file entry.cif (mmCIF, C-alpha atoms)
data_coords
loop_
_atom_site.label_atom_id
_atom_site.label_comp_id
_atom_site.auth_asym_id
_atom_site.auth_seq_id
_atom_site.Cartn_x
_atom_site.Cartn_y
_atom_site.Cartn_z
CA MET A 1 123.11 60.23 212.06
CA ALA A 2 123.35 56.91 210.41
CA LYS A 3 122.08 53.79 212.00
CA LEU A 4 124.38 50.85 212.26
CA ASP A 5 124.22 48.04 209.75
CA VAL A 6 122.68 45.27 211.85
CA LYS A 7 119.80 42.84 211.56
CA PRO A 8 116.73 43.82 213.58
CA THR A 9 116.64 40.86 215.91
CA ARG A 10 116.07 40.54 219.62
CA MET A 11 119.63 39.18 220.03
CA GLU A 12 121.09 42.22 218.32
CA LEU A 13 118.92 44.47 220.48
CA LEU A 14 120.34 42.98 223.65
CA ASN A 15 123.90 43.30 222.35
CA LEU A 16 123.40 46.90 221.36
CA LYS A 17 121.88 47.75 224.72
CA LYS A 18 124.99 46.38 226.38
CA ARG A 19 127.20 48.37 224.03
CA LEU A 20 125.27 51.56 224.68
CA LYS A 21 125.63 51.10 228.40
CA SER A 22 129.39 50.65 228.20
CA ALA A 23 129.72 53.54 225.73
CA LYS A 24 127.90 55.82 228.15
CA ARG A 25 130.07 54.70 231.02
CA GLY A 26 133.21 55.16 228.92
CA HIS A 27 132.08 58.59 227.93
CA LYS A 28 131.56 59.62 231.53
CA LEU A 29 134.98 58.31 232.56
CA LEU A 30 136.76 60.00 229.66
CA LYS A 31 134.96 63.24 230.36
CA ASP A 32 136.17 63.09 233.95
CA LYS A 33 139.68 62.36 232.73
CA GLN A 34 139.50 65.31 230.39
CA ASP A 35 138.40 67.61 233.19
CA GLY A 36 141.19 66.36 235.44
CA LEU A 37 143.81 66.80 232.74
CA MET A 38 142.53 70.23 231.88
CA LYS A 39 142.83 71.36 235.47
CA GLN A 40 146.45 70.17 235.63
CA PHE A 41 147.24 71.57 232.21
CA MET A 42 145.97 75.05 233.05
CA GLU A 43 148.14 75.20 236.15
CA ILE A 44 151.20 74.02 234.27
CA ILE A 45 150.72 76.24 231.26
CA ARG A 46 150.42 79.35 233.44
CA GLU A 47 153.61 78.37 235.21
CA ALA A 48 155.29 77.67 231.87
CA LYS A 49 154.44 81.11 230.54
CA ALA A 50 155.76 82.85 233.63
CA SER A 51 158.98 80.87 233.76
CA ARG A 52 159.51 81.25 230.00
CA ARG A 53 159.37 85.04 230.39
CA GLU A 54 161.78 84.95 233.31
CA VAL A 55 164.26 82.77 231.47
CA GLU A 56 164.15 84.95 228.37
CA GLU A 57 164.95 88.01 230.41
CA LYS A 58 167.76 86.49 232.44
CA LEU A 59 169.32 84.49 229.65
CA GLY A 60 169.33 87.59 227.45
CA SER A 61 171.51 89.46 229.91
CA ALA A 62 173.71 86.42 230.49
CA PHE A 63 174.35 86.16 226.77
CA LYS A 64 175.14 89.87 226.64
CA ASN A 65 177.79 89.36 229.33
CA PHE A 66 179.20 86.44 227.44
CA MET A 67 179.37 88.45 224.23
CA PHE A 68 181.33 91.14 226.03
CA ALA A 69 183.66 88.54 227.47
CA SER A 70 184.25 86.84 224.15
CA SER A 71 184.91 90.13 222.41
CA MET A 72 187.64 90.90 224.95
CA MET A 73 189.49 87.69 224.19
CA LEU A 74 190.93 85.98 221.19
CA PRO A 75 188.55 83.28 219.91
CA GLU A 76 191.25 80.61 220.18
CA MET A 77 191.99 81.59 223.76
CA LEU A 78 188.35 81.46 224.67
CA GLU A 79 187.93 78.09 223.07
CA SER A 80 190.96 76.61 224.74
CA ALA A 81 189.91 78.03 228.09
CA LEU A 82 186.58 76.24 227.83
CA LEU A 83 187.85 73.14 226.08
CA TYR A 84 187.93 70.79 229.05
CA PRO A 85 185.32 71.74 231.60
CA SER A 86 185.65 70.12 235.00
CA ALA A 87 182.05 70.78 235.85
CA LYS A 88 179.78 67.81 235.31
CA VAL A 89 176.03 67.76 235.10
CA GLU A 90 173.96 64.72 235.78
CA LEU A 91 170.26 64.48 235.57
CA GLU A 92 167.93 62.23 237.48
CA VAL A 93 164.56 61.77 235.86
CA ARG A 94 161.52 60.83 237.88
CA THR A 95 158.13 60.33 236.35
CA LYS A 96 154.76 60.95 237.85
CA ASN A 97 151.54 59.50 236.58
CA VAL A 98 148.84 62.11 236.08
CA MET A 99 145.63 60.61 234.69
CA SER A 100 147.60 57.90 232.85
CA VAL A 101 150.09 60.38 231.37
CA TYR A 102 153.65 59.98 232.55
CA ILE A 103 155.14 63.41 233.07
CA PRO A 104 158.83 63.91 233.82
CA TYR A 105 160.50 65.65 236.73
CA PHE A 106 164.17 66.53 236.51
CA ASP A 107 166.69 66.70 239.35
CA ILE A 108 170.11 68.06 238.50
CA LYS A 109 173.36 67.23 240.17
CA GLN A 110 176.27 69.49 239.42
CA GLU A 111 179.84 68.72 240.31
CA GLY A 112 183.11 70.55 239.90
CA ASP A 113 183.98 74.17 239.39
CA ILE A 114 182.78 76.10 236.37
CA LEU A 115 185.85 78.35 236.45
CA ASN A 116 188.34 75.82 235.23
CA TYR A 117 191.00 77.79 233.39
CA GLY A 118 194.07 79.87 234.00
CA TYR A 119 193.44 83.45 234.99
CA LEU A 120 196.36 84.82 233.01
CA GLN A 121 194.92 84.65 229.53
CA THR A 122 191.27 85.09 230.30
CA SER A 123 189.37 88.23 231.13
CA GLY A 124 187.41 88.91 234.27
CA GLU A 125 184.26 89.31 232.22
CA LEU A 126 184.36 85.64 231.36
CA ASP A 127 184.15 84.73 235.06
CA ILE A 128 181.18 87.03 235.48
CA SER A 129 179.36 85.75 232.42
CA LEU A 130 179.87 82.13 233.40
CA ALA A 131 178.54 82.89 236.85
CA ALA A 132 175.50 84.43 235.17
CA PHE A 133 174.98 81.27 233.11
CA GLN A 134 175.31 79.25 236.28
CA ASP A 135 172.57 81.36 237.88
CA VAL A 136 170.18 80.86 234.97
CA PHE A 137 170.85 77.16 234.65
CA PRO A 138 168.46 75.86 237.36
CA LEU A 139 165.75 78.04 235.83
CA LEU A 140 166.41 76.49 232.45
CA ILE A 141 166.04 73.00 233.85
CA LYS A 142 162.81 73.99 235.56
CA LEU A 143 161.57 75.44 232.29
CA ALA A 144 162.46 72.28 230.39
CA GLU A 145 160.56 70.26 232.98
CA ILE A 146 157.44 72.39 232.88
CA GLU A 147 157.34 72.70 229.10
CA LYS A 148 157.78 68.99 228.60
CA GLN A 149 154.97 68.35 231.07
CA ALA A 150 152.76 70.80 229.23
CA GLU A 151 153.61 69.16 225.92
CA ARG A 152 152.77 65.69 227.18
CA LEU A 153 149.51 66.83 228.74
CA ALA A 154 148.53 68.73 225.60
CA ALA A 155 149.01 65.64 223.44
CA GLU A 156 146.99 63.49 225.83
CA LEU A 157 144.26 66.10 226.13
CA GLU A 158 143.90 66.21 222.37
CA THR A 159 143.35 62.47 222.06
CA THR A 160 141.03 62.42 225.05
CA ARG A 161 138.99 65.28 223.65
CA ARG A 162 138.66 63.47 220.34
CA ARG A 163 137.55 60.29 222.04
CA VAL A 164 134.99 62.09 224.17
CA ASN A 165 133.59 63.85 221.11
CA ALA A 166 133.52 60.68 219.04
CA LEU A 167 131.54 58.94 221.77
CA GLU A 168 129.27 61.86 222.51
CA TYR A 169 128.43 62.94 218.98
CA LYS A 170 128.85 59.78 216.94
CA LEU A 171 128.79 56.44 218.69
CA ILE A 172 126.13 57.10 221.35
CA PRO A 173 123.60 58.76 218.98
CA ASP A 174 124.19 56.02 216.41
CA LEU A 175 123.57 53.32 218.97
CA GLU A 176 120.46 55.03 220.23
CA GLU A 177 119.07 55.40 216.76
CA THR A 178 119.75 51.78 215.91
CA LEU A 179 118.12 50.66 219.14
CA LYS A 180 115.06 52.70 218.31
CA PHE A 181 115.00 51.24 214.81
CA ILE A 182 115.18 47.69 216.12
CA THR A 183 112.45 48.19 218.74
CA MET A 184 110.16 49.72 216.13
CA LYS A 185 110.87 46.93 213.68
CA LEU A 186 110.24 44.26 216.33
CA ALA A 187 106.99 45.90 217.37
CA GLU A 188 105.95 46.08 213.73
CA THR A 189 106.60 42.36 213.18
CA GLU A 190 104.69 41.59 216.36
CA ARG A 191 101.66 43.58 215.22
CA SER A 192 101.75 42.01 211.80
CA THR A 193 101.91 38.52 213.34
CA ILE A 194 98.88 39.32 215.54
CA VAL A 195 96.95 40.61 212.58
CA GLY A 196 97.91 37.53 210.59
CA VAL A 197 96.79 35.21 213.37
CA MET A 198 93.52 37.09 213.74
CA ARG A 199 92.82 36.84 210.02
CA ILE A 200 93.56 33.11 210.01
CA LYS A 201 91.32 32.66 213.03
CA ALA A 202 88.55 34.53 211.26
CA MET A 203 88.98 32.38 208.16
CA ILE A 204 88.86 29.17 210.18
CA GLU A 205 85.75 30.34 212.00
CA GLU A 206 84.13 31.18 208.68
CA GLN A 207 84.90 27.73 207.32
CA GLU A 208 83.56 26.09 210.48
CA ALA A 209 80.38 28.13 210.29
CA ALA A 210 79.92 27.14 206.62
CA SER A 211 80.46 23.41 207.31
CA ARG A 212 77.92 23.44 210.24
CA GLN A 213 75.14 24.69 208.02
CA MET B 214 169.69 56.35 236.04
CA LYS B 215 171.93 59.17 234.89
CA HIS B 216 170.96 61.30 231.98
CA GLN B 217 172.82 64.10 230.30
CA ILE B 218 171.99 67.48 228.92
CA ALA B 219 172.94 68.76 225.48
CA ILE B 220 172.75 72.11 223.77
CA VAL B 221 172.60 72.67 220.02
CA GLY B 222 173.44 75.98 218.39
CA PRO B 223 176.12 78.14 216.82
CA LYS B 224 179.48 77.40 218.40
CA ASP B 225 180.25 80.87 219.70
CA THR B 226 176.84 81.15 221.35
CA ILE B 227 176.79 77.88 223.20
CA LEU B 228 180.42 77.85 224.26
CA GLY B 229 179.52 79.35 227.62
CA PHE B 230 177.30 76.40 228.45
CA LYS B 231 180.19 74.04 227.92
CA ALA B 232 181.75 75.33 231.14
CA LEU B 233 178.62 74.25 233.01
CA GLY B 234 179.13 70.65 231.93
CA LEU B 235 176.62 70.46 229.10
CA LYS B 236 177.46 68.65 225.88
CA THR B 237 177.64 71.15 223.07
CA TYR B 238 176.84 70.42 219.44
CA ASN B 239 177.53 72.87 216.68
CA ALA B 240 174.75 73.69 214.21
CA LEU B 241 174.51 76.81 212.11
CA ASP B 242 171.15 76.44 210.40
CA THR B 243 167.85 74.67 210.87
CA GLU B 244 168.70 71.78 208.59
CA GLU B 245 171.88 71.01 210.48
CA ALA B 246 170.12 71.38 213.82
CA VAL B 247 167.39 68.90 212.85
CA LYS B 248 170.01 66.39 211.76
CA VAL B 249 171.89 66.77 215.03
CA LEU B 250 168.65 66.49 217.02
CA PHE B 251 167.69 63.22 215.37
CA GLU B 252 171.14 61.83 216.05
CA LEU B 253 171.05 62.90 219.69
CA LYS B 254 167.61 61.39 220.12
CA LYS B 255 168.92 58.04 218.94
CA GLU B 256 171.64 57.80 221.58
CA VAL B 257 170.67 55.58 224.48
CA VAL B 258 171.99 54.62 227.86
CA THR B 259 171.41 51.20 229.43
CA ASP B 260 170.39 50.87 233.02
CA GLU B 261 172.71 48.44 234.84
CA LYS B 262 170.03 47.09 237.15
CA SER B 263 167.01 46.62 234.95
CA GLY B 264 168.77 46.46 231.59
CA GLU B 265 166.36 48.98 230.10
CA THR B 266 167.59 51.40 227.50
CA LYS B 267 166.65 55.02 227.85
CA PRO B 268 167.64 58.13 225.91
CA LEU B 269 171.05 59.41 226.98
CA TYR B 270 169.96 63.01 226.72
CA ALA B 271 167.00 63.95 228.86
CA ILE B 272 167.05 67.60 227.90
CA ILE B 273 168.25 69.10 224.64
CA PHE B 274 168.36 72.86 224.50
CA VAL B 275 168.23 74.41 221.05
CA ILE B 276 168.96 78.01 220.21
CA GLU B 277 165.64 79.51 219.23
CA ASP B 278 166.75 80.91 215.86
CA LEU B 279 167.36 77.38 214.61
CA MET B 280 163.91 76.17 215.66
CA THR B 281 161.87 78.79 213.82
CA GLY B 282 162.24 77.10 210.44
CA ILE B 283 161.69 73.53 211.60
CA GLU B 284 159.04 71.51 209.78
CA ASP B 285 155.99 70.37 211.71
CA ALA B 286 156.47 66.73 210.78
CA ASP B 287 160.06 66.75 212.04
CA TYR B 288 159.09 68.54 215.21
CA LYS B 289 156.34 66.04 215.91
CA LYS B 290 158.70 63.13 215.47
CA LEU B 291 161.26 64.73 217.74
CA SER B 292 158.92 65.64 220.55
CA GLN B 293 156.55 62.68 220.68
CA ASN B 294 158.32 60.59 223.36
CA ALA B 295 158.59 61.33 227.06
CA LEU B 296 162.30 61.93 226.67
CA PRO B 297 164.18 63.91 225.51
CA ALA B 298 162.64 67.25 226.26
CA ILE B 299 163.56 69.59 223.44
CA VAL B 300 163.53 73.14 224.68
CA PRO B 301 164.17 76.24 222.62
CA VAL B 302 166.19 78.93 224.40
CA PRO B 303 166.70 82.47 223.15
CA GLY B 304 170.10 83.08 221.58
CA THR B 305 172.35 86.12 221.55
CA LYS B 306 169.89 88.02 219.38
CA GLY B 307 167.32 87.86 222.14
CA THR B 308 163.89 86.29 221.99
CA THR B 309 162.07 85.86 218.71
CA GLY B 310 158.72 85.09 220.29
CA TYR B 311 158.89 81.56 218.94
CA SER B 312 158.74 79.96 222.37
CA LEU B 313 155.67 81.83 223.51
CA LYS B 314 154.03 80.92 220.22
CA ARG B 315 154.95 77.30 220.95
CA ILE B 316 153.16 77.49 224.30
CA GLY B 317 150.18 79.03 222.52
CA LYS B 318 150.18 76.08 220.13
CA MET B 319 150.12 73.65 223.05
CA VAL B 320 147.08 75.43 224.47
CA GLU B 321 145.42 75.26 221.08
CA GLN B 322 146.12 71.56 220.81
CA ALA B 323 144.71 70.88 224.27
CA VAL B 324 141.74 73.21 224.44
CA GLY B 325 140.85 73.71 220.81
CA SER B 326 141.72 77.39 220.65
CA ASP B 327 144.42 79.59 222.13
CA ILE B 328 142.52 81.00 225.08
CA PHE B 329 145.54 82.81 226.48
CA GLY B 330 146.40 84.51 223.19
CA ASP B 331 147.47 88.11 223.66
CA LYS B 332 145.56 89.36 220.66
#

call {"tool": "encode", "arguments": {"input": "entry.cif", "output": "structure tokens"}}
result
Amino acid sequence: MAKLDVKPTRMELLNLKKRLKSAKRGHKLLKDKQDGLMKQFMEIIREAKASRREVEEKLGSAFKNFMFASSMMLPEMLESALLYPSAKVELEVRTKNVMSVYIPYFDIKQEGDILNYGYLQTSGELDISLAAFQDVFPLLIKLAEIEKQAERLAAELETTRRRVNALEYKLIPDLEETLKFITMKLAETERSTIVGVMRIKAMIEEQEAASRQ
Amino acid sequence: MKHQIAIVGPKDTILGFKALGLKTYNALDTEEAVKVLFELKKEVVTDEKSGETKPLYAIIFVIEDLMTGIEDADYKKLSQNALPAIVPVPGTKGTTGYSLKRIGKMVEQAVGSDIFGDK
């Protein structure tokens, strides 16, 4: 640990004491924040893992259906069938403040029918596969929400952790060492002044004794 | 405030999502996908009441195969804001394990090591 580059004066000592006090308080607050974030993060990350697995499973089978459907139809037909969807998706975003991190919540609003094409030139499989996509869709939104929350919290946790560590292992020990240095130095000057005064007093007394004789 | 949802991937894969009302953007490889993502991120919508501008797309799904080769610097730039949420989804080939690795990375970033790692 390196002590700070300051002059060993009483003024500096008082300043440093103030700084140490606020550093310790900041450290405690940040540590609490870190604990709070960590608690939230653990909950969210568990949820994220579970919902990620679920989505992967369901979306896999939905894609399989869609592959079957698209192989039954001419590519141009498929494209033209899906060219102008009447379904509309709108997303409301709310944010919630968790320990000074804004995390998003998504609400979807879906309008219109997903089956928006003539039945003559399309296969029945297409209907089924689109219905499967429709089923997975809310899960996907949920997943997006949870993963984004996890991402935000992870970024915030990283900075908080760094700050806590910087305070705990660098700033606070440095301040303490400097404080110690200044107190020692001040005490040293005090002792040397006393010794100096005593010597002068002794000299004066000697002179007085010599002049009396 | 109304946001929209986009999906980026190979045309034949994402076509099905078009029927659900998502905006689809064609991209065949990672490079193309990154370019599209940056463009989508730039698009904004203005709130009539407050006059604030916010990203038009709140969620952008990307087919997982395209995300595997993405550079860390690009990914960081893309994901640093609150919106949009960029979410990899498994494509027709099934899952590549990229997404679970991504979650592992988040844990590592937050905790210091991947405490849920399977190995």

call {"tool": "resolve_selection", "arguments": {"input": "entry.cif", "expression": "the PyMOL selection byres ((chain B and resi 293) around 12)", "output": "ChimeraX atom specification"}}
result
/A:148-149,151-156 /B:254,285-292,294-299

call {"tool": "closest_residue", "arguments": {"input": "entry.cif", "among": "B:Val302, B:Val324, B:Ile316, B:Ala240", "to": "Gly60 in chain A", "atoms": "all atoms listed in the file"}}
result
B:Val302

call {"tool": "resolve_selection", "arguments": {"input": "entry.cif", "expression": "the PyMOL selection byres ((chain A) within 7 of (chain B))", "output": "count of residues only"}}
result
22

call {"tool": "atom_distance", "arguments": {"input": "entry.cif", "atom1": "CA of Asp135 in chain A", "atom2": "CA of Tyr238 in chain B"}}
result
21.9 Å

call {"tool": "atom_distance", "arguments": {"input": "entry.cif", "atom1": "CA of Ala210 in chain A", "atom2": "CA of Met198 in chain A"}}
result
18.3 Å

call {"tool": "axis_aligned_box", "arguments": {"input": "entry.cif", "around": "range 233-245 of chain B", "padding_each_side": "3 Å", "output": "JSON"}}
result
{"center_x": 173.5, "center_y": 72.7, "center_z": 220.8, "size_x": 17.3, "size_y": 14.2, "size_z": 30.4}

call {"tool": "resolve_selection", "arguments": {"input": "entry.cif", "expression": "the PyMOL selection byres ((chain A and resi 68) around 12)", "output": "PyMOL selection string"}}
result
(chain A and resi 61-67+69-74+123-130) or (chain B and resi 226+305)

call {"tool": "atom_distance", "arguments": {"input": "entry.cif", "atom1": "CA of Lys3 in chain A", "atom2": "CA of Tyr169 in chain A"}}
result
13.1 Å

call {"tool": "residues_around", "arguments": {"input": "entry.cif", "residues": "Pro268 in chain B", "least_positions_apart": "6", "cutoff": "6 Å", "atoms": "all atoms listed in the file", "output": "NGL selection string"}}
result
:B and (256-258)

call {"tool": "decode", "arguments": {"input": "entry.cif", "residues": "range 78-106 of chain A", "atoms": "N, CA, C and O atoms", "output": "PDB file, in the first residue's frame"}}
result
ATOM      1  N   LEU A  78     -45.253 -19.337 -51.088  1.00  0.00           N
ATOM      2  CA  LEU A  78     -45.109 -19.128 -49.647  1.00  0.00           C
ATOM      3  C   LEU A  78     -44.855 -17.652 -49.353  1.00  0.00           C
ATOM      4  O   LEU A  78     -45.482 -17.048 -48.487  1.00  0.00           O
ATOM      5  N   GLU A  79     -43.948 -17.103 -50.159  1.00  0.00           N
ATOM      6  CA  GLU A  79     -43.596 -15.706 -49.935  1.00  0.00           C
ATOM      7  C   GLU A  79     -44.794 -14.789 -50.161  1.00  0.00           C
ATOM      8  O   GLU A  79     -45.046 -13.876 -49.387  1.00  0.00           O
ATOM      9  N   SER A  80     -45.517 -15.057 -51.243  1.00  0.00           N
ATOM     10  CA  SER A  80     -46.652 -14.184 -51.523  1.00  0.00           C
ATOM     11  C   SER A  80     -47.770 -14.368 -50.497  1.00  0.00           C
ATOM     12  O   SER A  80     -48.494 -13.434 -50.181  1.00  0.00           O
ATOM     13  N   ALA A  81     -47.876 -15.579 -49.962  1.00  0.00           N
ATOM     14  CA  ALA A  81     -48.896 -15.806 -48.937  1.00  0.00           C
ATOM     15  C   ALA A  81     -48.611 -14.983 -47.688  1.00  0.00           C
ATOM     16  O   ALA A  81     -49.513 -14.495 -47.019  1.00  0.00           O
ATOM     17  N   LEU A  82     -47.301 -14.831 -47.390  1.00  0.00           N
ATOM     18  CA  LEU A  82     -46.927 -14.149 -46.153  1.00  0.00           C
ATOM     19  C   LEU A  82     -46.494 -12.706 -46.396  1.00  0.00           C
ATOM     20  O   LEU A  82     -45.968 -12.050 -45.509  1.00  0.00           O
ATOM     21  N   LEU A  83     -46.731 -12.222 -47.609  1.00  0.00           N
ATOM     22  CA  LEU A  83     -46.186 -10.914 -47.969  1.00  0.00           C
ATOM     23  C   LEU A  83     -46.807  -9.778 -47.157  1.00  0.00           C
ATOM     24  O   LEU A  83     -46.113  -8.903 -46.655  1.00  0.00           O
ATOM     25  N   TYR A  84     -48.138  -9.790 -47.054  1.00  0.00           N
ATOM     26  CA  TYR A  84     -48.792  -8.715 -46.318  1.00  0.00           C
ATOM     27  C   TYR A  84     -49.527  -9.260 -45.099  1.00  0.00           C
ATOM     28  O   TYR A  84     -50.700  -9.589 -45.192  1.00  0.00           O
ATOM     29  N   PRO A  85     -48.859  -9.363 -43.999  1.00  0.00           N
ATOM     30  CA  PRO A  85     -49.528  -9.887 -42.815  1.00  0.00           C
ATOM     31  C   PRO A  85     -50.527  -8.878 -42.274  1.00  0.00           C
ATOM     32  O   PRO A  85     -50.285  -7.669 -42.329  1.00  0.00           O
ATOM     33  N   SER A  86     -51.653  -9.358 -41.789  1.00  0.00           N
ATOM     34  CA  SER A  86     -52.612  -8.422 -41.183  1.00  0.00           C
ATOM     35  C   SER A  86     -52.413  -8.348 -39.678  1.00  0.00           C
ATOM     36  O   SER A  86     -52.942  -7.470 -39.021  1.00  0.00           O
ATOM     37  N   ALA A  87     -51.655  -9.296 -39.170  1.00  0.00           N
ATOM     38  CA  ALA A  87     -51.393  -9.266 -37.733  1.00  0.00           C
ATOM     39  C   ALA A  87     -50.425  -8.129 -37.431  1.00  0.00           C
ATOM     40  O   ALA A  87     -49.513  -7.847 -38.201  1.00  0.00           O
ATOM     41  N   LYS A  88     -50.668  -7.456 -36.317  1.00  0.00           N
ATOM     42  CA  LYS A  88     -49.773  -6.372 -35.923  1.00  0.00           C
ATOM     43  C   LYS A  88     -49.340  -6.607 -34.491  1.00  0.00           C
ATOM     44  O   LYS A  88     -50.135  -7.037 -33.668  1.00  0.00           O
ATOM     45  N   VAL A  89     -48.093  -6.309 -34.229  1.00  0.00           N
ATOM     46  CA  VAL A  89     -47.603  -6.461 -32.865  1.00  0.00           C
ATOM     47  C   VAL A  89     -47.162  -5.107 -32.360  1.00  0.00           C
ATOM     48  O   VAL A  89     -46.450  -4.389 -33.045  1.00  0.00           O
ATOM     49  N   GLU A  90     -47.626  -4.760 -31.195  1.00  0.00           N
ATOM     50  CA  GLU A  90     -47.125  -3.542 -30.575  1.00  0.00           C
ATOM     51  C   GLU A  90     -46.638  -3.865 -29.183  1.00  0.00           C
ATOM     52  O   GLU A  90     -47.165  -4.748 -28.521  1.00  0.00           O
ATOM     53  N   LEU A  91     -45.642  -3.124 -28.792  1.00  0.00           N
ATOM     54  CA  LEU A  91     -44.978  -3.449 -27.544  1.00  0.00           C
ATOM     55  C   LEU A  91     -44.990  -2.241 -26.630  1.00  0.00           C
ATOM     56  O   LEU A  91     -44.602  -1.152 -27.027  1.00  0.00           O
ATOM     57  N   GLU A  92     -45.486  -2.447 -25.438  1.00  0.00           N
ATOM     58  CA  GLU A  92     -45.384  -1.394 -24.424  1.00  0.00           C
ATOM     59  C   GLU A  92     -44.185  -1.729 -23.558  1.00  0.00           C
ATOM     60  O   GLU A  92     -44.013  -2.880 -23.150  1.00  0.00           O
ATOM     61  N   VAL A  93     -43.374  -0.740 -23.276  1.00  0.00           N
ATOM     62  CA  VAL A  93     -42.222  -0.986 -22.417  1.00  0.00           C
ATOM     63  C   VAL A  93     -42.375  -0.201 -21.129  1.00  0.00           C
ATOM     64  O   VAL A  93     -42.564   1.006 -21.152  1.00  0.00           O
ATOM     65  N   ARG A  94     -42.342  -0.936 -20.021  1.00  0.00           N
ATOM     66  CA  ARG A  94     -42.321  -0.271 -18.717  1.00  0.00           C
ATOM     67  C   ARG A  94     -40.941  -0.489 -18.136  1.00  0.00           C
ATOM     68  O   ARG A  94     -40.300  -1.499 -18.425  1.00  0.00           O
ATOM     69  N   THR A  95     -40.502   0.422 -17.307  1.00  0.00           N
ATOM     70  CA  THR A  95     -39.230   0.157 -16.646  1.00  0.00           C
ATOM     71  C   THR A  95     -39.428   0.178 -15.139  1.00  0.00           C
ATOM     72  O   THR A  95     -40.298   0.870 -14.624  1.00  0.00           O
ATOM     73  N   LYS A  96     -38.627  -0.627 -14.486  1.00  0.00           N
ATOM     74  CA  LYS A  96     -38.685  -0.666 -13.034  1.00  0.00           C
ATOM     75  C   LYS A  96     -37.291  -0.384 -12.522  1.00  0.00           C
ATOM     76  O   LYS A  96     -36.303  -0.825 -13.119  1.00  0.00           O
ATOM     77  N   ASN A  97     -37.218   0.354 -11.443  1.00  0.00           N
ATOM     78  CA  ASN A  97     -35.919   0.713 -10.907  1.00  0.00           C
ATOM     79  C   ASN A  97     -35.524  -0.254  -9.798  1.00  0.00           C
ATOM     80  O   ASN A  97     -36.132  -0.293  -8.736  1.00  0.00           O
ATOM     81  N   VAL A  98     -34.520  -1.075 -10.074  1.00  0.00           N
ATOM     82  CA  VAL A  98     -34.007  -1.981  -9.051  1.00  0.00           C
ATOM     83  C   VAL A  98     -32.615  -1.517  -8.680  1.00  0.00           C
ATOM     84  O   VAL A  98     -31.699  -1.603  -9.477  1.00  0.00           O
ATOM     85  N   MET A  99     -32.459  -0.994  -7.461  1.00  0.00           N
ATOM     86  CA  MET A  99     -31.145  -0.547  -6.992  1.00  0.00           C
ATOM     87  C   MET A  99     -30.467   0.360  -8.027  1.00  0.00           C
ATOM     88  O   MET A  99     -29.341   0.120  -8.441  1.00  0.00           O
ATOM     89  N   SER A 100     -31.197   1.335  -8.515  1.00  0.00           N
ATOM     90  CA  SER A 100     -30.693   2.327  -9.465  1.00  0.00           C
ATOM     91  C   SER A 100     -30.413   1.774 -10.861  1.00  0.00           C
ATOM     92  O   SER A 100     -29.827   2.448 -11.678  1.00  0.00           O
ATOM     93  N   VAL A 101     -30.816   0.533 -11.139  1.00  0.00           N
ATOM     94  CA  VAL A 101     -30.730   0.026 -12.502  1.00  0.00           C
ATOM     95  C   VAL A 101     -32.150  -0.008 -13.061  1.00  0.00           C
ATOM     96  O   VAL A 101     -33.051  -0.537 -12.418  1.00  0.00           O
ATOM     97  N   TYR A 102     -32.313   0.578 -14.253  1.00  0.00           N
ATOM     98  CA  TYR A 102     -33.636   0.505 -14.863  1.00  0.00           C
ATOM     99  C   TYR A 102     -33.743  -0.772 -15.670  1.00  0.00           C
ATOM    100  O   TYR A 102     -32.979  -0.969 -16.603  1.00  0.00           O
ATOM    101  N   ILE A 103     -34.660  -1.649 -15.292  1.00  0.00           N
ATOM    102  CA  ILE A 103     -34.811  -2.879 -16.049  1.00  0.00           C
ATOM    103  C   ILE A 103     -36.166  -2.868 -16.745  1.00  0.00           C
ATOM    104  O   ILE A 103     -37.145  -2.382 -16.203  1.00  0.00           O
ATOM    105  N   PRO A 104     -36.169  -3.365 -17.993  1.00  0.00           N
ATOM    106  CA  PRO A 104     -37.396  -3.258 -18.795  1.00  0.00           C
ATOM    107  C   PRO A 104     -38.384  -4.401 -18.559  1.00  0.00           C
ATOM    108  O   PRO A 104     -37.998  -5.523 -18.230  1.00  0.00           O
ATOM    109  N   TYR A 105     -39.671  -4.063 -18.702  1.00  0.00           N
ATOM    110  CA  TYR A 105     -40.723  -5.071 -18.760  1.00  0.00           C
ATOM    111  C   TYR A 105     -41.494  -4.854 -20.048  1.00  0.00           C
ATOM    112  O   TYR A 105     -41.815  -3.720 -20.388  1.00  0.00           O
ATOM    113  N   PHE A 106     -41.788  -5.921 -20.750  1.00  0.00           N
ATOM    114  CA  PHE A 106     -42.480  -5.790 -22.032  1.00  0.00           C
ATOM    115  C   PHE A 106     -43.914  -6.293 -21.934  1.00  0.00           C
ATOM    116  O   PHE A 106     -44.174  -7.348 -21.362  1.00  0.00           O
TER     117      PHE A 106
END
